[in-house]
Amino acid sequence: MDSKTLIANRVAQEMKSGDLVNLGIGLPTLVASYLPKGIEVSFQSENGIIGMSMLPHPGLLDDDLTDAGGNPIGSVPGACAFDSSFSFGLIRGGHLDVTVLGGLQVDERGLLANWMVPGKMVPGMGGAMDLVAGAKRVIVAMTHTAKGTPKIVKECSLPLTAIRRVDLIVTELAVIEPTDDGLVLREIAPDVSVEQVLEATEAALIVPESVPEMAFVA
Amino acid sequence: MDSKTLIANRVAQEMKSGDLVNLGIGLPTLVASYLPKGIEVSFQSENGIIGMSMLPHPGLLDDDLTDAGGNPIGSVPGACAFDSSFSFGLIRGGHLDVTVLGGLQVDERGLLANWMVPGKMVPGMGGAMDLVAGAKRVIVAMTHTAKGTPKIVKECSLPLTAIRRVDLIVTELAVIEPTDDGLVLREIAPDVSVEQVLEATEAALIVPESVPEMAFVA
Amino acid sequence: MSHIISAADAVASIPDGAVLMIGGFMGAGTPPRLINELVRQEKKNLTIIANDTARPGVGIGKLVEAGLVSKLITSHIGTNPMTQKQMIDGDIEVELVPQGTLAERVRAGGFGLGGVITPTGVGTIAAEGRQTIELQGKTYLVELPLKADFALVNAKVSDYQGNLMYALTARNFNPLMAMAADTVIAEAESIVPVGVIAPDMIVTPHVVVDYLVAKEPSNG
Amino acid sequence: MSHIISAADAVASIPDGAVLMIGGFMGAGTPPRLINELVRQEKKNLTIIANDTARPGVGIGKLVEAGLVSKLITSHIGTNPMTQKQMIDGDIEVELVPQGTLAERVRAGGFGLGGVITPTGVGTIAAEGRQTIELQGKTYLVELPLKADFALVNAKVSDYQGNLMYALTARNFNPLMAMAADTVIAEAESIVPVGVIAPDMIVTPHVVVDYLVAKEPSNG
């Protein structure tokens with residue numbers, strides 16, 4: 001498994017049947033492909049649909065059915081379309097069970113920065129601020145470092161996405177849970193040592209006596 | 001013409017083609033019957049429809065198509081249904097051209113009281129406060145007195161519906177326009193003298209040199 | 001995804017003293033079987049958030065008639081003399097809210113907004129106890145969101161999953177309330193297979209509907 | 001009731017320097033003929049309120065590419081490097097707004113609300129210059145309503161009067177913007193006789209649509 005596959009696969013294990021799930025653009029989108037058997041969730045795309053699915057055939061591209069990145073998608077039977085205020089009512093109102101987002105930095109408080117690098121890259125927050133402020137559960141799916149530079153840091157130097165603590169961080173090296181006491185190392189990836197994780201992490205990690213290996217279900 | 005007919009008929013002359021109109025329960029409802037020929041307006045009912053019409057046949061009563069009083073109505077081709085927040089978005093957002101409401105009192109400032117008599121009758125404001133606060137034009141259609149007691153008063157003793165000045169008052173005796181300078185007597189009913197109007201009115205009225213008779217169009 | 005449940009079991013899950021949002025406007029769009037069950041099971045001490053109390057014997061009027069309501073948050077009670085009488089007798093506490101404000105307060109509750117900033121009611125007794133705010137030179141009231149323990153909503157059609165569509169003026173407060181309660185119970189005039197309702201026709205997505213009242217066999 | 005107008009005449013009525021709301025999300029639901037006309041008529045110095053600027057050559061991206069935009073109020077420009085470049089060069093002033101907040105601000109503008117009370121953005125740089133309000137023990141931002149001179153909206157189907165319905169994710173900001181501008185210009189993929197669209201399918205009523213762009217003959 002490459003890093004992305006591993007992250008997406010592990011995040012997918014967090015889903016429960018009946019969940020309403022919003023997947024951010026990029027890596028998080030891959031999560032949909034690794035849902036464990038028997039787990040049925042609904043995917044929201046914040047541009048206005050519940051029930052998005054992969055497009056079954058390139059001949060079915062529809063200008064009116066796209067994901068939040070503007071890419072053509074399909075929809076499942078029972079899908080529902082709505083305007084942007086309703087879409088964010090679902091998000092802000094606590095109706096969204098899980099959002100999976102990419103991250104630039106997460107810090108010891110569990111705070112996420114994922115929408116701009118001042119002076120370098122200002123894409124805008126899109127729906128990220130609403131998603132982090134409003135979703136019941138926020139999972140950050142990201143590579144552990146940016147070409148070696150730790151992304152899990154003492155305190156975010158980049159502008160925050162929200163002041164709400166995220167619920168879980170999944171990287172190609174580890175699963176880390178932000179808690180009242182700090183960041184707890186919950187799992188390590190196959191063939192990775194605790195020391196390797198600590199070395200790649202700027203933030204202090206709380207390491208329990210035993211740290212199990214990431215669990216995957218086929 | 002009896003009083004109600006006269007009032008409804010005169011109010012109907014205020015409508016312009018293309019107007020979105022909301023008629024209050026009771027007397028104002030009659031206005032729909034007296035629209036001048038060639039004037040086409042859309043009627044909103046605040047419970048959630050634009051395009052209400054009279055019910056053409058008693059055999060067509062529909063539990064799902066009612067006016068704000070809960071009475072069965074019909075709808076015109078091109079009617080549109082929506083929820084209560086949208087309905088009041090139309091009203092509060094300035095999309096409603098005219099509302100015609102009943103009144104308990106209107107005072108010299110042009111302020112309306114029409115939703116409760118403390119200790120006696122507390123029906124609730126329903127949509128009245130939103131309608132008066134939000135409609136582009138507020139027309140009060142009411143009898144000039146309540147069994148002889150003036151309803152056009154110096155200052156409302158009953159709780160106000162809004163602090164917005166209404167645009168026109170139509171009674172069976174007169175048409176009165178609230179202005180910056182006060183209440184101006186614009187028209188008198190057929191066979192009614194200015195003196196009769198002044199006698200039935202507690203508020204000071206500004207009486208122009210000539211006061212024409214109410215105009216009606218068949 | 002909603003669980004399918006009988007009207008009796010759905011109502012049995014509602015405790016005395018619960019806060020209920022109930023859809024409908026003068027009875028149109030009020031779930032009839034759920035109302036009848038509330039009466040049959042004699043739920044006590046209910047707080048009802050609804051546009052109105054209809055008329056005696058109609059919709060929410062039945063709950064008032066049965067003496068089940070201890071508090072009302074509503075825009076209009078003028079069509080139901082029983083509600084007025086119980087209010088005057090001190091049996092029902094009534095909070096009157098302008099209709100548009102009521103709709104926005106319910107929406108704010110369901111949409112995660114902290115309040116509503118409205119010009120409606122400024123300078124009237126509806127402003128009593130309300131915070132005011134000056135924005136861009138105008139004065140507004142700050143009205144607080146409303147939430148409920150249960151929302152009882154009525155749809156024209158549901159699919160098996162609980163996706164709801166509404167008809168004409170029976171829509172009114174239903175879709176707003178379906179977003180604003182801990183537990184949402186939906187009753188539908190008819191229930192159809194998943195996929196029968198087009199995505200653009202569904203107004204309330206199944207993900208917010210907890211229980212869908214089962215069909216009852218029709219005689220005839 | 002909308003007036004029927006050609007795309008060219010509709011756009012000719014828009015002055016340089018106008019504030020435009022434009023529906024769409026990454027191009028989906030952005031009115032294509034109106035966009036092309038804005039480019040053809042070289043409207044200058046526009047302020048655009050829209051979710052995003054799509055990609056170069058797509059939707060609102062065409063306006064950016066043609067250098068017609070001087071100010072943007074939007075949630076996301078990351079997919080359009082031209083927008084980023086013009087922003088960095090100082091040619092476009094960009095106000096970034098969280099997407100849900102943008103939707104509510106447009107809605108507030110159209111619905112006559114004085115502002116939006118939202119938890120989104122609290123404690124971030126999106127809170128800069130915003131008033132905060134404490135309600136029920138929580139901190140919220142007070143965000144101001146947005147209005148525009150013109151809204152350019154795109155519908156799947158309109159009837160002859162201008163009643164609009166939308167399709168799938170092309171709905172997005174369109175119905176909100178159709179309520180929030182002094183003049184609303186609607187472009188529809190197809191136009192049908194009055195009565196063809198059922199009342200429950202119409203999302204934007206004709207009374208708010210000022211102009212409906214006429215059909216163009218299709219070749220084929």
# chains A, B, ... in the order shown; residues from 1 in each chain; ligands from 1

$ residues_around --residues "Leu34 (chain D)" --least-positions-apart "6" --cutoff "8 Å" --atoms "only C-alpha atoms" --output "VMD selection string"
chain D and resid 7 to 8 11 152 187

$ residues_around --residues "Val211 (chain B)" --least-positions-apart "4" --cutoff "12 Å" --atoms "only C-alpha atoms" --output "list in words"
Ala174, Val175, Ile176, Val184, Leu185, Arg186, Glu187, Ile188, Ala189, Pro190, Val192, Ser193, Val194, Glu195, Val197, Ile206, Val207 and Ala215 of chain B

$ write_last_selection --atoms "N, CA and C atoms" --output "PDB file, in the first residue's frame"
ATOM      1  N   ALA B 174     -63.515  57.377   3.841  1.00  0.00           N
ATOM      2  CA  ALA B 174     -62.432  58.204   3.301  1.00  0.00           C
ATOM      3  C   ALA B 174     -61.202  57.399   2.917  1.00  0.00           C
ATOM      4  N   VAL B 175     -60.364  58.053   2.116  1.00  0.00           N
ATOM      5  CA  VAL B 175     -59.012  57.550   1.861  1.00  0.00           C
ATOM      6  C   VAL B 175     -58.048  58.548   2.509  1.00  0.00           C
ATOM      7  N   ILE B 176     -57.192  58.057   3.372  1.00  0.00           N
ATOM      8  CA  ILE B 176     -56.308  58.926   4.145  1.00  0.00           C
ATOM      9  C   ILE B 176     -54.869  58.467   3.958  1.00  0.00           C
ATOM     10  N   VAL B 184     -53.277  62.994   5.792  1.00  0.00           N
ATOM     11  CA  VAL B 184     -53.894  63.849   4.776  1.00  0.00           C
ATOM     12  C   VAL B 184     -55.157  63.174   4.234  1.00  0.00           C
ATOM     13  N   LEU B 185     -56.242  63.909   4.241  1.00  0.00           N
ATOM     14  CA  LEU B 185     -57.500  63.396   3.690  1.00  0.00           C
ATOM     15  C   LEU B 185     -57.427  63.466   2.165  1.00  0.00           C
ATOM     16  N   ARG B 186     -57.341  62.331   1.525  1.00  0.00           N
ATOM     17  CA  ARG B 186     -57.146  62.315   0.066  1.00  0.00           C
ATOM     18  C   ARG B 186     -58.443  62.222  -0.716  1.00  0.00           C
ATOM     19  N   GLU B 187     -59.412  61.432  -0.192  1.00  0.00           N
ATOM     20  CA  GLU B 187     -60.676  61.237  -0.909  1.00  0.00           C
ATOM     21  C   GLU B 187     -61.781  61.025   0.119  1.00  0.00           C
ATOM     22  N   ILE B 188     -62.982  61.362  -0.286  1.00  0.00           N
ATOM     23  CA  ILE B 188     -64.132  61.011   0.557  1.00  0.00           C
ATOM     24  C   ILE B 188     -65.064  60.112  -0.228  1.00  0.00           C
ATOM     25  N   ALA B 189     -65.815  59.305   0.525  1.00  0.00           N
ATOM     26  CA  ALA B 189     -66.733  58.366  -0.118  1.00  0.00           C
ATOM     27  C   ALA B 189     -67.905  59.134  -0.718  1.00  0.00           C
ATOM     28  N   PRO B 190     -68.593  58.530  -1.678  1.00  0.00           N
ATOM     29  CA  PRO B 190     -69.768  59.169  -2.257  1.00  0.00           C
ATOM     30  C   PRO B 190     -70.782  59.498  -1.153  1.00  0.00           C
ATOM     31  N   VAL B 192     -70.620  61.462   1.251  1.00  0.00           N
ATOM     32  CA  VAL B 192     -70.047  61.734   2.574  1.00  0.00           C
ATOM     33  C   VAL B 192     -69.392  63.111   2.509  1.00  0.00           C
ATOM     34  N   SER B 193     -69.565  63.891   3.587  1.00  0.00           N
ATOM     35  CA  SER B 193     -68.950  65.216   3.600  1.00  0.00           C
ATOM     36  C   SER B 193     -67.654  65.190   4.395  1.00  0.00           C
ATOM     37  N   VAL B 194     -66.811  66.178   4.127  1.00  0.00           N
ATOM     38  CA  VAL B 194     -65.563  66.289   4.876  1.00  0.00           C
ATOM     39  C   VAL B 194     -65.871  66.398   6.372  1.00  0.00           C
ATOM     40  N   GLU B 195     -66.915  67.124   6.715  1.00  0.00           N
ATOM     41  CA  GLU B 195     -67.265  67.294   8.125  1.00  0.00           C
ATOM     42  C   GLU B 195     -67.584  65.953   8.780  1.00  0.00           C
ATOM     43  N   VAL B 197     -66.410  63.087   7.983  1.00  0.00           N
ATOM     44  CA  VAL B 197     -65.147  62.355   8.188  1.00  0.00           C
ATOM     45  C   VAL B 197     -64.419  62.897   9.415  1.00  0.00           C
ATOM     46  N   ILE B 206     -55.279  66.562   7.874  1.00  0.00           N
ATOM     47  CA  ILE B 206     -54.946  67.684   7.001  1.00  0.00           C
ATOM     48  C   ILE B 206     -55.903  67.625   5.822  1.00  0.00           C
ATOM     49  N   VAL B 207     -56.683  68.701   5.622  1.00  0.00           N
ATOM     50  CA  VAL B 207     -57.700  68.692   4.563  1.00  0.00           C
ATOM     51  C   VAL B 207     -57.271  69.637   3.438  1.00  0.00           C
ATOM     52  N   ALA B 215     -62.557  57.262  -6.291  1.00  0.00           N
ATOM     53  CA  ALA B 215     -62.717  56.806  -7.672  1.00  0.00           C
ATOM     54  C   ALA B 215     -62.853  55.279  -7.701  1.00  0.00           C
TER      55      ALA B 215
END

$ interface_residues --of "chain A" --to "chain D" --cutoff "8 Å" --atoms "only C-alpha atoms" --output "short mmCIF file (atom, residue, chain, number, x, y, z; two decimals) with all heavy atoms, in the first residue's frame"
data_model
loop_
_atom_site.label_atom_id
_atom_site.label_comp_id
_atom_site.auth_asym_id
_atom_site.auth_seq_id
_atom_site.Cartn_x
_atom_site.Cartn_y
_atom_site.Cartn_z
N ASN A 47 -21.46 21.27 -2.34
CA ASN A 47 -22.08 22.07 -3.39
C ASN A 47 -23.56 21.72 -3.58
O ASN A 47 -24.23 22.37 -4.38
CB ASN A 47 -21.32 21.97 -4.71
CG ASN A 47 -21.06 20.55 -5.14
OD1 ASN A 47 -20.84 19.67 -4.31
ND2 ASN A 47 -21.07 20.32 -6.43
N GLY A 48 -24.07 20.75 -2.84
CA GLY A 48 -25.51 20.60 -2.79
C GLY A 48 -26.13 19.25 -3.04
O GLY A 48 -27.21 19.16 -3.65
N ILE A 49 -25.52 18.19 -2.55
CA ILE A 49 -26.16 16.88 -2.73
C ILE A 49 -25.79 15.93 -1.60
O ILE A 49 -24.68 15.98 -1.07
CB ILE A 49 -25.80 16.28 -4.11
CG1 ILE A 49 -26.72 15.10 -4.45
CG2 ILE A 49 -24.33 15.88 -4.17
CD1 ILE A 49 -26.69 14.68 -5.92
N ASP A 63 -23.20 18.29 -16.68
CA ASP A 63 -22.80 19.62 -16.19
C ASP A 63 -23.47 19.97 -14.87
O ASP A 63 -23.01 20.85 -14.14
CB ASP A 63 -23.19 20.70 -17.21
CG ASP A 63 -22.31 20.66 -18.44
OD1 ASP A 63 -21.25 20.00 -18.40
OD2 ASP A 63 -22.68 21.30 -19.44
N ASP A 64 -24.59 19.34 -14.60
CA ASP A 64 -25.38 19.69 -13.42
C ASP A 64 -25.15 18.76 -12.24
O ASP A 64 -25.88 18.81 -11.25
CB ASP A 64 -26.88 19.65 -13.77
CG ASP A 64 -27.25 20.66 -14.84
OD1 ASP A 64 -26.60 21.71 -14.91
OD2 ASP A 64 -28.19 20.38 -15.61
N LEU A 65 -24.16 17.88 -12.35
CA LEU A 65 -23.94 16.92 -11.26
C LEU A 65 -22.44 16.77 -11.05
O LEU A 65 -21.77 15.98 -11.74
CB LEU A 65 -24.61 15.58 -11.59
CG LEU A 65 -24.57 14.51 -10.49
CD1 LEU A 65 -25.08 15.04 -9.17
CD2 LEU A 65 -25.36 13.28 -10.91
N THR A 66 -21.94 17.55 -10.11
CA THR A 66 -20.49 17.64 -9.91
C THR A 66 -20.18 17.62 -8.43
O THR A 66 -21.05 17.86 -7.60
CB THR A 66 -19.98 18.97 -10.49
OG1 THR A 66 -20.79 20.03 -9.97
CG2 THR A 66 -20.07 19.00 -12.00
N ASP A 67 -18.92 17.32 -8.11
CA ASP A 67 -18.52 17.40 -6.70
C ASP A 67 -17.99 18.81 -6.41
O ASP A 67 -18.02 19.69 -7.28
CB ASP A 67 -17.50 16.30 -6.35
CG ASP A 67 -16.17 16.48 -7.08
OD1 ASP A 67 -15.91 17.57 -7.63
OD2 ASP A 67 -15.39 15.52 -7.10
N ALA A 68 -17.50 19.00 -5.19
CA ALA A 68 -17.10 20.34 -4.78
C ALA A 68 -15.85 20.81 -5.52
O ALA A 68 -15.50 21.99 -5.48
CB ALA A 68 -16.87 20.38 -3.27
N GLY A 69 -15.20 19.90 -6.23
CA GLY A 69 -14.07 20.28 -7.05
C GLY A 69 -14.47 20.55 -8.50
O GLY A 69 -13.63 20.83 -9.34
N GLY A 70 -15.76 20.42 -8.78
CA GLY A 70 -16.25 20.66 -10.13
C GLY A 70 -16.11 19.45 -11.04
O GLY A 70 -16.33 19.54 -12.25
N CYS A 80 -30.50 13.42 -2.85
CA CYS A 80 -31.30 14.62 -2.58
C CYS A 80 -30.45 15.85 -2.87
O CYS A 80 -29.30 15.92 -2.44
CB CYS A 80 -31.70 14.59 -1.11
SG CYS A 80 -32.41 16.12 -0.49
N ALA A 81 -30.98 16.79 -3.64
CA ALA A 81 -30.24 18.00 -4.00
C ALA A 81 -30.82 19.22 -3.29
O ALA A 81 -32.01 19.26 -3.01
CB ALA A 81 -30.30 18.21 -5.51
N PHE A 82 -29.97 20.19 -3.01
CA PHE A 82 -30.43 21.37 -2.26
C PHE A 82 -29.49 22.53 -2.52
O PHE A 82 -28.43 22.38 -3.12
CB PHE A 82 -30.48 21.04 -0.77
CG PHE A 82 -29.42 20.09 -0.31
CD1 PHE A 82 -28.10 20.51 -0.13
CD2 PHE A 82 -29.71 18.73 -0.11
CE1 PHE A 82 -27.11 19.63 0.27
CE2 PHE A 82 -28.71 17.83 0.28
CZ PHE A 82 -27.41 18.29 0.48
N ASP A 83 -29.89 23.72 -2.03
CA ASP A 83 -29.07 24.90 -2.27
C ASP A 83 -27.94 25.00 -1.23
O ASP A 83 -27.86 24.21 -0.29
CB ASP A 83 -29.93 26.17 -2.31
CG ASP A 83 -30.47 26.60 -0.96
OD1 ASP A 83 -29.83 26.35 0.08
OD2 ASP A 83 -31.55 27.21 -0.93
N SER A 84 -27.08 25.99 -1.42
CA SER A 84 -25.88 26.11 -0.59
C SER A 84 -26.21 26.45 0.86
O SER A 84 -25.48 26.06 1.77
CB SER A 84 -24.95 27.18 -1.16
OG SER A 84 -24.50 26.77 -2.44
N SER A 85 -27.29 27.17 1.12
CA SER A 85 -27.60 27.50 2.51
C SER A 85 -28.08 26.26 3.26
O SER A 85 -27.74 26.05 4.42
CB SER A 85 -28.62 28.64 2.61
OG SER A 85 -29.91 28.22 2.30
N SER A 87 -27.18 23.20 2.42
CA SER A 87 -26.02 22.33 2.51
C SER A 87 -25.19 22.66 3.76
O SER A 87 -24.75 21.77 4.49
CB SER A 87 -25.16 22.49 1.26
OG SER A 87 -24.23 21.45 1.15
N PHE A 88 -25.01 23.95 4.00
CA PHE A 88 -24.24 24.34 5.17
C PHE A 88 -25.08 24.36 6.44
O PHE A 88 -24.53 24.35 7.54
CB PHE A 88 -23.50 25.66 4.90
CG PHE A 88 -22.29 25.40 4.06
CD1 PHE A 88 -22.37 25.41 2.68
CD2 PHE A 88 -21.09 25.05 4.64
CE1 PHE A 88 -21.27 25.11 1.89
CE2 PHE A 88 -19.98 24.76 3.87
CZ PHE A 88 -20.07 24.79 2.49
N GLY A 89 -26.40 24.35 6.30
CA GLY A 89 -27.25 24.11 7.46
C GLY A 89 -27.03 22.70 7.98
O GLY A 89 -26.94 22.46 9.18
N ARG A 92 -23.34 22.97 9.57
CA ARG A 92 -23.22 23.81 10.76
C ARG A 92 -24.17 23.36 11.87
O ARG A 92 -23.89 23.53 13.05
CB ARG A 92 -23.52 25.26 10.37
CG ARG A 92 -22.85 26.30 11.18
CD ARG A 92 -23.42 27.66 10.90
NE ARG A 92 -23.30 28.11 9.52
CZ ARG A 92 -24.30 28.11 8.63
NH1 ARG A 92 -25.50 27.65 8.95
NH2 ARG A 92 -24.11 28.58 7.42
N VAL A 122 -3.07 31.22 -1.32
CA VAL A 122 -4.29 31.68 -0.66
C VAL A 122 -5.51 31.17 -1.43
O VAL A 122 -6.17 31.92 -2.12
CB VAL A 122 -4.33 33.22 -0.57
CG1 VAL A 122 -5.47 33.67 0.33
CG2 VAL A 122 -3.01 33.77 -0.04
N PRO A 123 -5.77 29.88 -1.33
CA PRO A 123 -6.90 29.34 -2.09
C PRO A 123 -8.25 29.80 -1.54
O PRO A 123 -9.25 29.82 -2.26
CB PRO A 123 -6.75 27.83 -1.92
CG PRO A 123 -5.97 27.66 -0.67
CD PRO A 123 -5.06 28.84 -0.56
N GLY A 124 -8.28 30.19 -0.26
CA GLY A 124 -9.57 30.47 0.38
C GLY A 124 -10.02 29.27 1.18
O GLY A 124 -9.58 28.14 0.93
N MET A 125 -10.89 29.53 2.13
CA MET A 125 -11.30 28.46 3.04
C MET A 125 -12.39 27.57 2.45
O MET A 125 -12.61 26.46 2.96
CB MET A 125 -11.74 29.02 4.38
CG MET A 125 -12.97 29.90 4.36
SD MET A 125 -12.73 31.50 3.50
CE MET A 125 -11.91 32.46 4.78
N GLY A 126 -13.03 28.01 1.38
CA GLY A 126 -14.14 27.21 0.84
C GLY A 126 -15.07 26.84 1.97
O GLY A 126 -15.46 27.69 2.78
N GLY A 127 -15.39 25.55 2.07
CA GLY A 127 -16.29 25.10 3.14
C GLY A 127 -15.57 24.63 4.39
O GLY A 127 -16.23 24.20 5.34
N ALA A 128 -14.23 24.70 4.39
CA ALA A 128 -13.47 24.07 5.48
C ALA A 128 -13.79 24.63 6.86
O ALA A 128 -13.92 23.88 7.83
CB ALA A 128 -11.97 24.18 5.20
N MET A 129 -13.94 25.94 6.95
CA MET A 129 -14.20 26.53 8.27
C MET A 129 -15.54 26.09 8.83
O MET A 129 -15.68 25.83 10.03
CB MET A 129 -14.15 28.05 8.19
CG MET A 129 -12.74 28.59 8.05
SD MET A 129 -12.72 30.38 8.29
CE MET A 129 -10.93 30.65 8.26
N ASP A 130 -16.55 26.01 7.96
CA ASP A 130 -17.86 25.54 8.40
C ASP A 130 -17.79 24.06 8.77
O ASP A 130 -18.40 23.63 9.76
CB ASP A 130 -18.90 25.73 7.28
CG ASP A 130 -19.09 27.18 6.89
OD1 ASP A 130 -19.80 27.90 7.61
OD2 ASP A 130 -18.52 27.59 5.87
N ALA A 133 -15.99 23.69 12.10
CA ALA A 133 -16.80 24.26 13.19
C ALA A 133 -18.04 23.40 13.47
O ALA A 133 -18.49 23.32 14.61
CB ALA A 133 -17.21 25.69 12.86
N GLY A 134 -18.57 22.74 12.44
CA GLY A 134 -19.89 22.15 12.59
C GLY A 134 -20.01 20.64 12.61
O GLY A 134 -20.98 20.12 13.17
N PRO A 159 -2.50 30.13 9.51
CA PRO A 159 -3.82 30.56 10.02
C PRO A 159 -4.73 29.36 10.29
O PRO A 159 -4.84 28.45 9.46
CB PRO A 159 -4.37 31.42 8.88
CG PRO A 159 -3.16 31.91 8.15
CD PRO A 159 -2.17 30.79 8.22
N LEU A 160 -5.37 29.39 11.44
CA LEU A 160 -6.26 28.30 11.84
C LEU A 160 -7.51 28.23 10.97
O LEU A 160 -7.98 29.23 10.43
CB LEU A 160 -6.70 28.49 13.29
CG LEU A 160 -5.62 28.40 14.36
CD1 LEU A 160 -6.22 28.71 15.74
CD2 LEU A 160 -4.96 27.03 14.35
N THR A 161 -8.04 27.02 10.85
CA THR A 161 -9.32 26.83 10.16
C THR A 161 -10.48 27.02 11.12
O THR A 161 -11.56 27.46 10.72
CB THR A 161 -9.35 25.41 9.55
OG1 THR A 161 -8.20 25.25 8.72
CG2 THR A 161 -10.60 25.19 8.71
N ALA A 162 -10.26 26.68 12.37
CA ALA A 162 -11.30 26.85 13.40
C ALA A 162 -10.63 26.69 14.75
O ALA A 162 -9.48 26.23 14.84
CB ALA A 162 -12.40 25.81 13.23
N ILE A 163 -11.35 27.08 15.81
CA ILE A 163 -10.79 26.87 17.15
C ILE A 163 -11.38 25.62 17.78
O ILE A 163 -11.32 25.43 18.97
CB ILE A 163 -11.03 28.10 18.05
CG1 ILE A 163 -12.52 28.49 18.02
CG2 ILE A 163 -10.17 29.27 17.61
CD1 ILE A 163 -12.90 29.49 19.10
#

$ interface_residues --of "chain C" --to "chain D" --cutoff "10 Å" --atoms "only C-alpha atoms" --output "JSON, numbers by chain"
{"C": [104, 108, 111, 112, 113, 114, 115, 116, 117, 118, 119, 120, 131, 133, 134, 135, 136, 138, 139, 140, 141, 142, 143, 144, 145, 165, 166, 167, 168, 169, 171, 198, 199, 200, 201, 202, 203]}

$ write_last_selection --atoms "C-alpha atoms" --output "mmCIF file, in the first residue's frame"
data_model
loop_
_atom_site.group_PDB
_atom_site.id
_atom_site.type_symbol
_atom_site.label_atom_id
_atom_site.label_comp_id
_atom_site.auth_asym_id
_atom_site.auth_seq_id
_atom_site.Cartn_x
_atom_site.Cartn_y
_atom_site.Cartn_z
ATOM 1 C CA GLU C 104 -36.234 31.812 11.270
ATOM 2 C CA ALA C 108 -31.494 28.837 13.118
ATOM 3 C CA PHE C 111 -28.879 25.213 10.879
ATOM 4 C CA GLY C 112 -26.443 25.883 13.740
ATOM 5 C CA LEU C 113 -26.834 29.656 13.700
ATOM 6 C CA GLY C 114 -26.571 31.464 17.033
ATOM 7 C CA GLY C 115 -29.620 33.640 16.503
ATOM 8 C CA VAL C 116 -31.671 35.678 14.084
ATOM 9 C CA ILE C 117 -31.247 39.382 13.351
ATOM 10 C CA THR C 118 -34.619 40.713 12.281
ATOM 11 C CA PRO C 119 -36.312 44.093 11.892
ATOM 12 C CA THR C 120 -39.681 42.529 12.719
ATOM 13 C CA GLN C 131 -31.457 42.127 22.831
ATOM 14 C CA ILE C 133 -28.368 45.301 17.708
ATOM 15 C CA GLU C 134 -27.487 48.261 15.480
ATOM 16 C CA LEU C 135 -26.119 47.290 12.089
ATOM 17 C CA GLN C 136 -25.514 49.592 9.143
ATOM 18 C CA LYS C 138 -30.671 50.196 11.481
ATOM 19 C CA THR C 139 -31.990 48.624 14.659
ATOM 20 C CA TYR C 140 -32.776 44.907 14.752
ATOM 21 C CA LEU C 141 -33.896 42.377 17.321
ATOM 22 C CA VAL C 142 -31.682 39.419 18.158
ATOM 23 C CA GLU C 143 -33.937 36.400 18.439
ATOM 24 C CA LEU C 144 -32.666 33.104 19.825
ATOM 25 C CA PRO C 145 -32.753 29.757 18.000
ATOM 26 C CA MET C 165 -41.438 15.703 -0.172
ATOM 27 C CA TYR C 166 -44.266 18.038 0.701
ATOM 28 C CA ALA C 167 -47.365 19.309 -1.071
ATOM 29 C CA LEU C 168 -48.392 22.924 -1.589
ATOM 30 C CA THR C 169 -49.231 24.836 1.597
ATOM 31 C CA ARG C 171 -45.101 22.237 3.531
ATOM 32 C CA ALA C 198 -36.389 12.704 -7.905
ATOM 33 C CA PRO C 199 -33.455 14.301 -6.065
ATOM 34 C CA ASP C 200 -34.713 17.812 -6.833
ATOM 35 C CA MET C 201 -38.137 17.023 -5.354
ATOM 36 C CA ILE C 202 -36.843 15.794 -2.010
ATOM 37 C CA VAL C 203 -36.965 18.656 0.454
#

$ atom_distance --atom1 "CA of Ala50 (chain C)" --atom2 "CA of Ser13 (chain C)"
20.1 Å

$ closest_residue --among "B:Pro77, B:Gly24, B:Gly51, B:Pro150" --to "Leu131 (chain B)" --atoms "only C-alpha atoms"
B:Gly24

$ select_by_dssp --residues "region 10-206 of chain A" --states "alpha helix (DSSP H)" --output "number ranges by chain"
A: 10-12, 84-92, 128-134, 194-199

$ select_by_dssp --residues "region 66-138 of chain A" --states "strand (DSSP E)" --output "list in words"
Gly74, Ser75, Val76, Pro77, Gly78, Ala79, Cys80, Ala81, Val98, Thr99, Val100, Leu101, Gln105, Val106, Asp107, Leu112, Ala113, Arg137 and Val138 of chain A

$ write_last_selection --atoms "C-alpha atoms" --output "tab-separated table (two decimals), in the first residue's frame"
chain	number	residue	atom	x	y	z
A	74	GLY	CA	-23.00	10.16	-10.15
A	75	SER	CA	-25.77	9.83	-7.60
A	76	VAL	CA	-27.37	6.92	-5.79
A	77	PRO	CA	-31.11	6.21	-5.70
A	78	GLY	CA	-32.55	8.33	-2.89
A	79	ALA	CA	-30.10	11.16	-3.50
A	80	CYS	CA	-31.30	14.62	-2.58
A	81	ALA	CA	-30.24	18.00	-4.00
A	98	VAL	CA	-18.04	12.89	9.86
A	99	THR	CA	-15.90	15.16	7.76
A	100	VAL	CA	-12.53	14.04	6.45
A	101	LEU	CA	-10.22	16.89	5.54
A	105	GLN	CA	-0.69	21.61	10.19
A	106	VAL	CA	-2.31	20.22	13.32
A	107	ASP	CA	-0.99	21.31	16.68
A	112	LEU	CA	-6.11	22.49	12.35
A	113	ALA	CA	-4.67	24.84	9.74
A	137	ARG	CA	-16.49	14.39	14.03
A	138	VAL	CA	-13.51	15.90	12.21
